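Participant: final.cif (mmCIF, C-alpha atoms, pLDDT in the B column; chains and numbers go by the auth columns) pasted underneath:
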```cif
data_model
#
loop_
_atom_site.group_PDB
_atom_site.id
_atom_site.type_symbol
_atom_site.label_atom_id
_atom_site.label_comp_id
_atom_site.label_asym_id
_atom_site.label_seq_id
_atom_site.Cartn_x
_atom_site.Cartn_y
_atom_site.Cartn_z
_atom_site.B_iso_or_equiv
_atom_site.auth_seq_id
_atom_site.auth_asym_id
ATOM 1 C CA MET A 1 -7.328 50.507 -13.205 62.00 121 A
ATOM 2 C CA SER A 2 -8.763 47.110 -12.454 73.00 122 A
ATOM 3 C CA MET A 3 -11.451 45.737 -14.763 79.00 123 A
ATOM 4 C CA ARG A 4 -12.861 43.798 -11.846 82.00 124 A
ATOM 5 C CA SER A 5 -16.006 45.055 -10.113 87.00 125 A
ATOM 6 C CA PRO A 6 -15.584 46.245 -6.502 87.00 126 A
ATOM 7 C CA LEU A 7 -17.758 43.342 -5.289 87.00 127 A
ATOM 8 C CA GLY A 8 -15.739 40.813 -7.309 85.00 128 A
ATOM 9 C CA GLN A 9 -12.535 42.269 -5.899 83.00 129 A
ATOM 10 C CA ALA A 10 -13.868 42.008 -2.339 85.00 130 A
ATOM 11 C CA ARG A 11 -14.904 38.377 -2.837 84.00 131 A
ATOM 12 C CA GLY A 12 -11.586 37.547 -4.491 81.00 132 A
ATOM 13 C CA LEU A 13 -12.936 34.366 -6.091 84.00 133 A
ATOM 14 C CA GLY A 14 -11.866 35.017 -9.699 81.00 134 A
ATOM 15 C CA SER A 15 -13.428 33.586 -12.855 76.00 135 A
ATOM 16 C CA ALA A 16 -13.443 29.997 -11.590 74.00 136 A
ATOM 17 C CA LYS A 17 -15.522 31.096 -8.527 77.00 137 A
ATOM 18 C CA ASP A 18 -13.164 29.112 -6.367 81.00 138 A
ATOM 19 C CA GLY A 19 -10.570 31.698 -5.337 83.00 139 A
ATOM 20 C CA THR A 20 -7.418 30.232 -3.820 88.00 140 A
ATOM 21 C CA HIS A 21 -9.240 27.318 -2.168 91.00 141 A
ATOM 22 C CA HIS A 22 -7.693 24.549 -4.285 92.00 142 A
ATOM 23 C CA PHE A 23 -4.192 26.007 -3.919 93.00 143 A
ATOM 24 C CA TRP A 24 -4.637 26.420 -0.172 94.00 144 A
ATOM 25 C CA VAL A 25 -5.979 22.934 0.654 95.00 145 A
ATOM 26 C CA GLN A 26 -3.243 21.409 -1.522 96.00 146 A
ATOM 27 C CA ARG A 27 -0.709 23.177 0.731 96.00 147 A
ATOM 28 C CA ILE A 28 -2.479 22.264 3.981 97.00 148 A
ATOM 29 C CA SER A 29 -2.528 18.583 3.025 97.00 149 A
ATOM 30 C CA ALA A 30 1.127 18.858 1.911 97.00 150 A
ATOM 31 C CA VAL A 31 2.201 20.238 5.297 97.00 151 A
ATOM 32 C CA ALA A 32 0.236 17.495 7.083 98.00 152 A
ATOM 33 C CA LEU A 33 1.883 14.857 4.890 98.00 153 A
ATOM 34 C CA VAL A 34 5.463 15.869 5.742 97.00 154 A
ATOM 35 C CA PRO A 35 5.483 14.174 9.180 98.00 155 A
ATOM 36 C CA LEU A 36 2.778 11.607 8.296 98.00 156 A
ATOM 37 C CA SER A 37 4.550 10.248 5.219 96.00 157 A
ATOM 38 C CA LEU A 38 7.965 10.080 6.918 97.00 158 A
ATOM 39 C CA TRP A 39 6.325 8.187 9.784 98.00 159 A
ATOM 40 C CA PHE A 40 4.605 5.842 7.319 97.00 160 A
ATOM 41 C CA VAL A 41 7.655 4.969 5.208 97.00 161 A
ATOM 42 C CA PHE A 42 9.958 4.331 8.168 96.00 162 A
ATOM 43 C CA SER A 43 7.287 2.373 10.071 96.00 163 A
ATOM 44 C CA VAL A 44 6.640 0.139 7.068 95.00 164 A
ATOM 45 C CA ALA A 45 10.402 -0.257 6.560 95.00 165 A
ATOM 46 C CA ARG A 46 10.648 -1.533 10.127 95.00 166 A
ATOM 47 C CA LEU A 47 7.889 -4.058 9.338 94.00 167 A
ATOM 48 C CA ALA A 48 9.827 -5.425 6.359 90.00 168 A
ATOM 49 C CA GLY A 49 10.073 -9.196 6.437 83.00 169 A
ATOM 50 C CA GLY A 50 7.327 -9.378 9.042 88.00 170 A
ATOM 51 C CA ASP A 51 4.469 -11.836 8.615 92.00 171 A
ATOM 52 C CA PHE A 52 0.707 -11.279 8.796 95.00 172 A
ATOM 53 C CA PHE A 53 0.589 -11.419 12.605 96.00 173 A
ATOM 54 C CA MET A 54 3.340 -8.861 13.044 96.00 174 A
ATOM 55 C CA VAL A 55 1.678 -6.403 10.635 96.00 175 A
ATOM 56 C CA ARG A 56 -1.746 -6.964 12.212 96.00 176 A
ATOM 57 C CA HIS A 57 -0.289 -6.408 15.665 96.00 177 A
ATOM 58 C CA TRP A 58 1.176 -3.107 14.434 97.00 178 A
ATOM 59 C CA VAL A 59 -2.117 -1.850 12.934 97.00 179 A
ATOM 60 C CA HIS A 60 -3.980 -3.032 16.041 96.00 180 A
ATOM 61 C CA ALA A 61 -2.338 -0.413 18.288 96.00 181 A
ATOM 62 C CA PRO A 62 -4.707 2.590 18.615 96.00 182 A
ATOM 63 C CA SER A 63 -1.970 5.184 18.048 97.00 183 A
ATOM 64 C CA VAL A 64 -0.879 3.426 14.840 98.00 184 A
ATOM 65 C CA ALA A 65 -4.461 2.976 13.571 98.00 185 A
ATOM 66 C CA ILE A 66 -5.274 6.654 14.189 98.00 186 A
ATOM 67 C CA THR A 67 -2.083 7.866 12.487 98.00 187 A
ATOM 68 C CA LEU A 68 -2.676 5.483 9.560 98.00 188 A
ATOM 69 C CA VAL A 69 -6.203 6.841 9.047 98.00 189 A
ATOM 70 C CA LEU A 70 -4.862 10.411 9.177 98.00 190 A
ATOM 71 C CA PHE A 71 -2.139 9.498 6.672 98.00 191 A
ATOM 72 C CA ILE A 72 -4.574 7.780 4.278 98.00 192 A
ATOM 73 C CA ALA A 73 -7.045 10.696 4.456 98.00 193 A
ATOM 74 C CA ALA A 74 -4.371 13.358 3.884 98.00 194 A
ATOM 75 C CA ALA A 75 -2.589 11.368 1.149 98.00 195 A
ATOM 76 C CA LEU A 76 -5.732 10.551 -0.842 98.00 196 A
ATOM 77 C CA TYR A 77 -7.035 14.118 -0.515 98.00 197 A
ATOM 78 C CA HIS A 78 -3.683 15.521 -1.671 98.00 198 A
ATOM 79 C CA SER A 79 -3.600 12.945 -4.479 98.00 199 A
ATOM 80 C CA ALA A 80 -7.117 13.841 -5.678 98.00 200 A
ATOM 81 C CA LEU A 81 -6.179 17.535 -5.774 97.00 201 A
ATOM 82 C CA GLY A 82 -2.967 16.817 -7.674 97.00 202 A
ATOM 83 C CA ILE A 83 -4.471 14.502 -10.285 97.00 203 A
ATOM 84 C CA GLN A 84 -7.255 17.059 -10.795 96.00 204 A
ATOM 85 C CA VAL A 85 -4.632 19.634 -11.847 95.00 205 A
ATOM 86 C CA VAL A 86 -2.975 17.136 -14.200 96.00 206 A
ATOM 87 C CA ILE A 87 -6.334 16.400 -15.872 96.00 207 A
ATOM 88 C CA GLU A 88 -7.177 20.107 -16.127 93.00 208 A
ATOM 89 C CA ASP A 89 -3.760 20.811 -17.658 92.00 209 A
ATOM 90 C CA TYR A 90 -3.530 18.033 -20.230 92.00 210 A
ATOM 91 C CA VAL A 91 -7.053 16.944 -21.198 93.00 211 A
ATOM 92 C CA GLY A 92 -8.256 19.437 -23.808 89.00 212 A
ATOM 93 C CA ASN A 93 -11.550 17.831 -24.806 93.00 213 A
ATOM 94 C CA GLU A 94 -14.259 19.262 -22.564 94.00 214 A
ATOM 95 C CA GLY A 95 -16.306 16.038 -22.297 96.00 215 A
ATOM 96 C CA ALA A 96 -13.282 13.861 -21.585 97.00 216 A
ATOM 97 C CA LYS A 97 -12.117 16.396 -19.011 96.00 217 A
ATOM 98 C CA ILE A 98 -15.420 16.306 -17.090 96.00 218 A
ATOM 99 C CA VAL A 99 -15.489 12.495 -17.172 98.00 219 A
ATOM 100 C CA GLY A 100 -11.874 12.440 -16.027 97.00 220 A
ATOM 101 C CA LEU A 101 -12.505 14.852 -13.174 96.00 221 A
ATOM 102 C CA LEU A 102 -15.517 12.830 -11.991 97.00 222 A
ATOM 103 C CA LEU A 103 -13.641 9.512 -12.218 98.00 223 A
ATOM 104 C CA ASN A 104 -10.743 11.107 -10.326 97.00 224 A
ATOM 105 C CA LYS A 105 -12.963 12.119 -7.420 97.00 225 A
ATOM 106 C CA PHE A 106 -14.857 8.795 -7.353 98.00 226 A
ATOM 107 C CA LEU A 107 -11.736 6.605 -7.521 98.00 227 A
ATOM 108 C CA HIS A 108 -9.995 8.561 -4.775 98.00 228 A
ATOM 109 C CA ALA A 109 -13.093 8.351 -2.570 98.00 229 A
ATOM 110 C CA ILE A 110 -13.328 4.572 -3.147 98.00 230 A
ATOM 111 C CA VAL A 111 -9.633 3.967 -2.404 98.00 231 A
ATOM 112 C CA ALA A 112 -9.685 6.219 0.682 98.00 232 A
ATOM 113 C CA VAL A 113 -12.833 4.676 2.191 98.00 233 A
ATOM 114 C CA SER A 114 -11.671 1.103 1.416 98.00 234 A
ATOM 115 C CA ALA A 115 -8.245 1.646 2.975 98.00 235 A
ATOM 116 C CA ILE A 116 -9.650 3.376 6.071 98.00 236 A
ATOM 117 C CA PHE A 117 -12.304 0.671 6.463 98.00 237 A
ATOM 118 C CA ALA A 118 -9.595 -2.005 6.288 98.00 238 A
ATOM 119 C CA VAL A 119 -7.536 -0.225 8.983 98.00 239 A
ATOM 120 C CA LEU A 120 -10.587 0.054 11.260 97.00 240 A
ATOM 121 C CA LYS A 121 -11.524 -3.592 10.668 97.00 241 A
ATOM 122 C CA VAL A 122 -8.066 -4.723 11.753 97.00 242 A
ATOM 123 C CA ALA A 123 -7.800 -2.194 14.589 97.00 243 A
ATOM 124 C CA LEU A 124 -11.244 -2.915 16.052 95.00 244 A
ATOM 125 C CA GLY A 125 -11.203 -6.679 15.427 89.00 245 A
ATOM 126 C CA SER A 126 -10.144 -9.171 18.043 69.00 246 A
ATOM 127 C CA MET B 1 -1.543 39.686 -39.947 50.00 57 Y
ATOM 128 C CA SER B 2 -1.860 36.220 -41.386 53.00 58 Y
ATOM 129 C CA HIS B 3 -5.016 34.286 -40.557 63.00 59 Y
ATOM 130 C CA GLN B 4 -3.314 30.972 -41.127 66.00 60 Y
ATOM 131 C CA THR B 5 -2.386 29.070 -38.018 69.00 61 Y
ATOM 132 C CA PRO B 6 1.402 29.009 -37.921 71.00 62 Y
ATOM 133 C CA ASN B 7 2.707 25.489 -38.236 73.00 63 Y
ATOM 134 C CA ARG B 8 5.020 25.649 -35.250 70.00 64 Y
ATOM 135 C CA PRO B 9 5.443 23.117 -32.460 66.00 65 Y
ATOM 136 C CA LEU B 10 3.447 23.582 -29.259 66.00 66 Y
ATOM 137 C CA SER B 11 4.119 22.449 -25.686 65.00 67 Y
ATOM 138 C CA PRO B 12 4.529 19.463 -24.695 64.00 68 Y
ATOM 139 C CA PHE B 13 5.874 18.656 -28.188 67.00 69 Y
ATOM 140 C CA MET B 14 8.431 21.394 -27.588 67.00 70 Y
ATOM 141 C CA LEU B 15 10.198 18.922 -25.319 69.00 71 Y
ATOM 142 C CA GLY B 16 13.050 17.121 -26.981 67.00 72 Y
ATOM 143 C CA GLN B 17 14.545 18.713 -30.074 70.00 73 Y
ATOM 144 C CA TYR B 18 13.419 22.311 -29.451 71.00 74 Y
ATOM 145 C CA TYR B 19 13.727 22.613 -25.704 74.00 75 Y
ATOM 146 C CA ARG B 20 16.941 22.661 -23.719 76.00 76 Y
ATOM 147 C CA PHE B 21 16.408 20.928 -20.387 78.00 77 Y
ATOM 148 C CA GLN B 22 17.607 22.627 -17.229 87.00 78 Y
ATOM 149 C CA LEU B 23 17.785 21.036 -13.797 91.00 79 Y
ATOM 150 C CA THR B 24 14.943 23.219 -12.529 91.00 80 Y
ATOM 151 C CA SER B 25 12.446 22.290 -15.243 89.00 81 Y
ATOM 152 C CA LEU B 26 13.516 18.638 -15.143 91.00 82 Y
ATOM 153 C CA LEU B 27 12.862 18.495 -11.376 95.00 83 Y
ATOM 154 C CA SER B 28 9.487 20.163 -11.898 94.00 84 Y
ATOM 155 C CA PHE B 29 8.632 17.520 -14.498 92.00 85 Y
ATOM 156 C CA VAL B 30 9.763 14.706 -12.207 96.00 86 Y
ATOM 157 C CA HIS B 31 7.659 16.156 -9.377 97.00 87 Y
ATOM 158 C CA ARG B 32 4.554 15.759 -11.489 96.00 88 Y
ATOM 159 C CA ILE B 33 5.488 12.276 -12.740 97.00 89 Y
ATOM 160 C CA THR B 34 6.282 11.019 -9.224 97.00 90 Y
ATOM 161 C CA GLY B 35 3.001 12.575 -8.051 97.00 91 Y
ATOM 162 C CA ILE B 36 1.068 10.577 -10.660 97.00 92 Y
ATOM 163 C CA GLY B 37 3.021 7.441 -9.745 97.00 93 Y
ATOM 164 C CA LEU B 38 2.320 7.905 -6.050 97.00 94 Y
ATOM 165 C CA SER B 39 -1.388 8.374 -6.794 97.00 95 Y
ATOM 166 C CA MET B 40 -1.405 5.024 -8.577 97.00 96 Y
ATOM 167 C CA GLY B 41 0.548 3.587 -5.649 96.00 97 Y
ATOM 168 C CA THR B 42 -2.400 4.294 -3.355 97.00 98 Y
ATOM 169 C CA PHE B 43 -4.161 1.314 -5.013 96.00 99 Y
ATOM 170 C CA LEU B 44 -1.311 -0.824 -3.714 96.00 100 Y
ATOM 171 C CA LEU B 45 -1.552 0.740 -0.251 97.00 101 Y
ATOM 172 C CA ALA B 46 -5.298 0.017 -0.155 97.00 102 Y
ATOM 173 C CA GLY B 47 -4.685 -3.525 -1.451 97.00 103 Y
ATOM 174 C CA TRP B 48 -2.119 -4.148 1.296 97.00 104 Y
ATOM 175 C CA LEU B 49 -4.543 -3.010 4.037 97.00 105 Y
ATOM 176 C CA ILE B 50 -7.608 -4.761 2.559 97.00 106 Y
ATOM 177 C CA THR B 51 -5.783 -8.090 2.283 97.00 107 Y
ATOM 178 C CA LEU B 52 -4.485 -7.567 5.828 97.00 108 Y
ATOM 179 C CA ALA B 53 -8.105 -7.228 6.967 97.00 109 Y
ATOM 180 C CA GLY B 54 -8.917 -10.382 4.968 96.00 110 Y
ATOM 181 C CA GLY B 55 -6.803 -12.706 7.116 95.00 111 Y
ATOM 182 C CA PRO B 56 -3.489 -14.586 6.903 96.00 112 Y
ATOM 183 C CA GLU B 57 -4.182 -16.474 3.627 96.00 113 Y
ATOM 184 C CA THR B 58 -5.365 -13.399 1.715 96.00 114 Y
ATOM 185 C CA TYR B 59 -2.494 -11.338 3.101 96.00 115 Y
ATOM 186 C CA GLY B 60 0.005 -14.039 2.184 95.00 116 Y
ATOM 187 C CA MET B 61 -1.146 -14.024 -1.440 95.00 117 Y
ATOM 188 C CA PHE B 62 -0.552 -10.262 -1.574 95.00 118 Y
ATOM 189 C CA ALA B 63 2.670 -10.144 0.451 94.00 119 Y
ATOM 190 C CA LYS B 64 4.415 -12.830 -1.616 94.00 120 Y
ATOM 191 C CA HIS B 65 4.408 -10.406 -4.574 95.00 121 Y
ATOM 192 C CA LEU B 66 5.926 -7.651 -2.430 93.00 122 Y
ATOM 193 C CA THR B 67 8.798 -9.874 -1.316 92.00 123 Y
ATOM 194 C CA ALA B 68 9.434 -11.210 -4.847 94.00 124 Y
ATOM 195 C CA TRP B 69 12.218 -9.483 -6.821 96.00 125 Y
ATOM 196 C CA TYR B 70 9.787 -7.469 -8.990 97.00 126 Y
ATOM 197 C CA GLY B 71 7.930 -6.391 -5.856 95.00 127 Y
ATOM 198 C CA GLN B 72 11.152 -5.229 -4.242 95.00 128 Y
ATOM 199 C CA VAL B 73 12.141 -3.302 -7.393 96.00 129 Y
ATOM 200 C CA LEU B 74 8.697 -1.680 -7.454 96.00 130 Y
ATOM 201 C CA LEU B 75 8.915 -0.836 -3.739 96.00 131 Y
ATOM 202 C CA PHE B 76 12.378 0.659 -4.224 96.00 132 Y
ATOM 203 C CA CYS B 77 11.178 2.904 -7.066 96.00 133 Y
ATOM 204 C CA TRP B 78 8.090 3.747 -5.012 96.00 134 Y
ATOM 205 C CA SER B 79 10.127 4.691 -1.947 97.00 135 Y
ATOM 206 C CA TRP B 80 12.391 6.976 -3.981 97.00 136 Y
ATOM 207 C CA ALA B 81 9.388 8.604 -5.723 97.00 137 Y
ATOM 208 C CA PHE B 82 7.892 9.105 -2.265 97.00 138 Y
ATOM 209 C CA MET B 83 11.029 10.739 -0.850 98.00 139 Y
ATOM 210 C CA TYR B 84 11.565 12.817 -3.977 98.00 140 Y
ATOM 211 C CA HIS B 85 8.010 14.172 -3.999 98.00 141 Y
ATOM 212 C CA LEU B 86 8.315 14.859 -0.259 98.00 142 Y
ATOM 213 C CA CYS B 87 11.630 16.751 -0.557 98.00 143 Y
ATOM 214 C CA ASN B 88 10.647 18.688 -3.664 97.00 144 Y
ATOM 215 C CA GLY B 89 7.261 19.388 -2.049 97.00 145 Y
ATOM 216 C CA ILE B 90 9.060 21.028 0.876 97.00 146 Y
ATOM 217 C CA ARG B 91 11.023 23.056 -1.724 97.00 147 Y
ATOM 218 C CA HIS B 92 7.679 24.132 -3.183 96.00 148 Y
ATOM 219 C CA LEU B 93 6.395 25.137 0.263 96.00 149 Y
ATOM 220 C CA GLY B 94 9.485 27.354 0.592 96.00 150 Y
ATOM 221 C CA TRP B 95 8.614 29.061 -2.695 96.00 151 Y
ATOM 222 C CA ASP B 96 5.036 29.474 -1.474 94.00 152 Y
ATOM 223 C CA ILE B 97 6.268 31.635 1.382 94.00 153 Y
ATOM 224 C CA GLY B 98 8.483 33.559 -1.061 94.00 154 Y
ATOM 225 C CA LYS B 99 11.845 31.954 -0.226 94.00 155 Y
ATOM 226 C CA GLY B 100 14.481 30.618 -2.623 92.00 156 Y
ATOM 227 C CA TYR B 101 13.397 32.151 -5.928 93.00 157 Y
ATOM 228 C CA GLU B 102 16.856 33.412 -6.941 94.00 158 Y
ATOM 229 C CA LEU B 103 18.440 31.303 -9.677 93.00 159 Y
ATOM 230 C CA LYS B 104 21.343 30.289 -7.446 95.00 160 Y
ATOM 231 C CA ALA B 105 19.044 29.304 -4.571 95.00 161 Y
ATOM 232 C CA ALA B 106 16.684 27.415 -6.914 95.00 162 Y
ATOM 233 C CA TYR B 107 19.606 25.348 -8.236 96.00 163 Y
ATOM 234 C CA ALA B 108 21.077 24.752 -4.770 96.00 164 Y
ATOM 235 C CA SER B 109 17.721 23.530 -3.400 96.00 165 Y
ATOM 236 C CA GLY B 110 17.283 21.431 -6.538 96.00 166 Y
ATOM 237 C CA TYR B 111 20.560 19.594 -6.033 97.00 167 Y
ATOM 238 C CA ALA B 112 19.722 19.258 -2.318 97.00 168 Y
ATOM 239 C CA VAL B 113 16.410 17.588 -3.218 97.00 169 Y
ATOM 240 C CA VAL B 114 18.176 15.016 -5.416 97.00 170 Y
ATOM 241 C CA VAL B 115 20.788 14.194 -2.754 98.00 171 Y
ATOM 242 C CA VAL B 116 18.454 14.201 0.285 98.00 172 Y
ATOM 243 C CA SER B 117 15.789 12.108 -1.472 97.00 173 Y
ATOM 244 C CA LEU B 118 18.405 9.480 -2.303 97.00 174 Y
ATOM 245 C CA LEU B 119 19.792 9.532 1.253 98.00 175 Y
ATOM 246 C CA LEU B 120 16.292 9.114 2.739 97.00 176 Y
ATOM 247 C CA THR B 121 15.576 6.234 0.356 97.00 177 Y
ATOM 248 C CA VAL B 122 18.801 4.491 1.345 97.00 178 Y
ATOM 249 C CA ALA B 123 18.004 5.157 5.020 97.00 179 Y
ATOM 250 C CA ALA B 124 14.544 3.573 4.693 96.00 180 Y
ATOM 251 C CA TRP B 125 16.010 0.472 3.005 96.00 181 Y
ATOM 252 C CA ALA B 126 18.766 0.291 5.588 96.00 182 Y
ATOM 253 C CA VAL B 127 16.048 0.188 8.266 95.00 183 Y
ATOM 254 C CA ALA B 128 14.224 -2.525 6.313 93.00 184 Y
ATOM 255 C CA TYR B 129 17.270 -4.735 5.827 91.00 185 Y
ATOM 256 C CA ALA B 130 19.077 -3.975 9.108 87.00 186 Y
ATOM 257 C CA LYS B 131 17.432 -6.840 10.979 67.00 187 Y
#
```
Just dump the structure as structure tokens.
Facilitator:
Amino acid sequence: MSMRSPLGQARGLGSAKDGTHHFWVQRISAVALVPLSLWFVFSVARLAGGDFFMVRHWVHAPSVAITLVLFIAAALYHSALGIQVVIEDYVGNEGAKIVGLLLNKFLHAIVAVSAIFAVLKVALGS
Amino acid sequence: MSHQTPNRPLSPFMLGQYYRFQLTSLLSFVHRITGIGLSMGTFLLAGWLITLAGGPETYGMFAKHLTAWYGQVLLFCWSWAFMYHLCNGIRHLGWDIGKGYELKAAYASGYAVVVVSLLLTVAAWAVAYAK
């Protein structure tokens, strides 16, 4: 017999009140990153040895800028979820854990917004 | 029952003298380490794009480190970590849909991840240096 109340069982959120949300979005971002990351690595490899103007020309193309923004968003989201698990697993001290989790979210937001802003600045500039 | 805490080693200190490594656990470990490395690498990705938005001089100051020998070594390690995390991530997605849990299959996919990640890394560098 389950110790869980019928309502709790129906909600399926468990003791963390989060259910499978973290697991699920980690997988969604992972699936999105399979084509996006392959595209990114091989595109950047093709740019190797290129100067500023060649790289800017590449980012300037709308299709590239859009795919770059999608890649950055998916990668930083996936990264924030992953580092969160590492902190939860290895940081025992409750205070340090909360500080770590906050810093994790803030740093990922800063890096994501900065990188996306830079792409848009290049893509929308003359 | 004794109320004294037994003085026995706990994880992660089990690693090393008490724990026999297997390919499967080693790959799992490497997945996490490459994940952390790739997270730190996003600073570099942002730096590359921000300096690109800053103009030719700013970009040149950044790019000269990437083309230096230490930059190339870093990029090589980064590209392999990228391909490894990608391949092993696909292996994880297989497990998530319930495929490949048998010991034989888990080892076969593990070896495949090592080989394919290396091949993809070499392929990316071949593209970079082909010109």
Participant: Translate the PyMOL selection byres ((chain Y) within 6 of (chain A)) into a concrete residue list for this structure, as number ranges by chain.
Facilitator: Y: 95, 102, 105-106, 109, 112, 180, 183-184
Participant: Report the distance between CA of Phe138 in chain Y and CA of Thr177 in chain Y in Å, rounded to one decimal place.
Facilitator: 8.6 Å
Participant: What's the 12 Å shell around Phe132 in chain Y, counting all atoms listed in the file, without same-chain residues fewer than 2 positions away, as a list in words?
Facilitator: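 Here the qualifying residues turn out to be Val161 and Ala165 of chain A; Leu122, Thr123, Trp125, Tyr126, Gly127, Gln128, Val129, Leu130, Trp134, Ser135, Trp136, Ala137, Phe138, Met139, Leu174, Leu176, Thr177, Val178, Ala179, Ala180, Trp181, Ala182 and Ala184 of chain Y.
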Participant: Once you have the residues from the selection above, write them out as a PDB file, keeping the file's coordinate frame, restricted to C-alpha atoms.
Facilitator:
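Now in again22.pdb:
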```pdb
ATOM      1  CA  VAL A 161       7.655   4.969   5.208  1.00 97.00           C
ATOM      2  CA  ALA A 165      10.402  -0.257   6.560  1.00 95.00           C
TER       3      ALA A 165
ATOM      4  CA  LEU Y 122       5.926  -7.651  -2.430  1.00 93.00           C
ATOM      5  CA  THR Y 123       8.798  -9.874  -1.316  1.00 92.00           C
ATOM      6  CA  TRP Y 125      12.218  -9.483  -6.821  1.00 96.00           C
ATOM      7  CA  TYR Y 126       9.787  -7.469  -8.990  1.00 97.00           C
ATOM      8  CA  GLY Y 127       7.930  -6.391  -5.856  1.00 95.00           C
ATOM      9  CA  GLN Y 128      11.152  -5.229  -4.242  1.00 95.00           C
ATOM     10  CA  VAL Y 129      12.141  -3.302  -7.393  1.00 96.00           C
ATOM     11  CA  LEU Y 130       8.697  -1.680  -7.454  1.00 96.00           C
ATOM     12  CA  TRP Y 134       8.090   3.747  -5.012  1.00 96.00           C
ATOM     13  CA  SER Y 135      10.127   4.691  -1.947  1.00 97.00           C
ATOM     14  CA  TRP Y 136      12.391   6.976  -3.981  1.00 97.00           C
ATOM     15  CA  ALA Y 137       9.388   8.604  -5.723  1.00 97.00           C
ATOM     16  CA  PHE Y 138       7.892   9.105  -2.265  1.00 97.00           C
ATOM     17  CA  MET Y 139      11.029  10.739  -0.850  1.00 98.00           C
ATOM     18  CA  LEU Y 174      18.405   9.480  -2.303  1.00 97.00           C
ATOM     19  CA  LEU Y 176      16.292   9.114   2.739  1.00 97.00           C
ATOM     20  CA  THR Y 177      15.576   6.234   0.356  1.00 97.00           C
ATOM     21  CA  VAL Y 178      18.801   4.491   1.345  1.00 97.00           C
ATOM     22  CA  ALA Y 179      18.004   5.157   5.020  1.00 97.00           C
ATOM     23  CA  ALA Y 180      14.544   3.573   4.693  1.00 96.00           C
ATOM     24  CA  TRP Y 181      16.010   0.472   3.005  1.00 96.00           C
ATOM     25  CA  ALA Y 182      18.766   0.291   5.588  1.00 96.00           C
ATOM     26  CA  ALA Y 184      14.224  -2.525   6.313  1.00 93.00           C
TER      27      ALA Y 184
END
```
Participant: In Å, how far is it from CA of Gln146 in chain A to CA of His87 in chain Y?
Facilitator: 14.4 Å
Participant: Please report the interatomic distance between CA of Leu159 in chain Y and CA of Ser84 in chain Y in Å with one decimal.
Facilitator: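 Straight-line distance from CA of Leu159 in chain Y to CA of Ser84 in chain Y works out to 14.5 Å.
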Participant: Quick one: 3 Å padding each side, axis-aligned, all listed atoms of range 140-145 of chain Y - centre and edge lengths in Å to one decimal, as AutoDock Vina command-line options?
Facilitator:
```
--center_x 9.4 --center_y 16.1 --center_z -2.1 --size_x 10.4 --size_y 12.6 --size_z 9.7
```
Participant: Looking at only C-alpha atoms, which of Y:Asn144, Y:Arg64, Y:Gly103, Y:Trp151 is the one that sits closest to Val172 in chain Y?
Facilitator: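 Once distances to Val172 in chain Y are computed over only C-alpha atoms, the minimum belongs to Y:Asn144.
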Participant: Name the closest residue to Gln78 in chain Y among the candidates Y:Tyr140, Y:Gly154, Y:Leu131, Y:Tyr167; distances are taken between atoms, counting only C-alpha atoms.
Facilitator: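 Result for the nearest residue to Gln78 in chain Y: Y:Tyr167.
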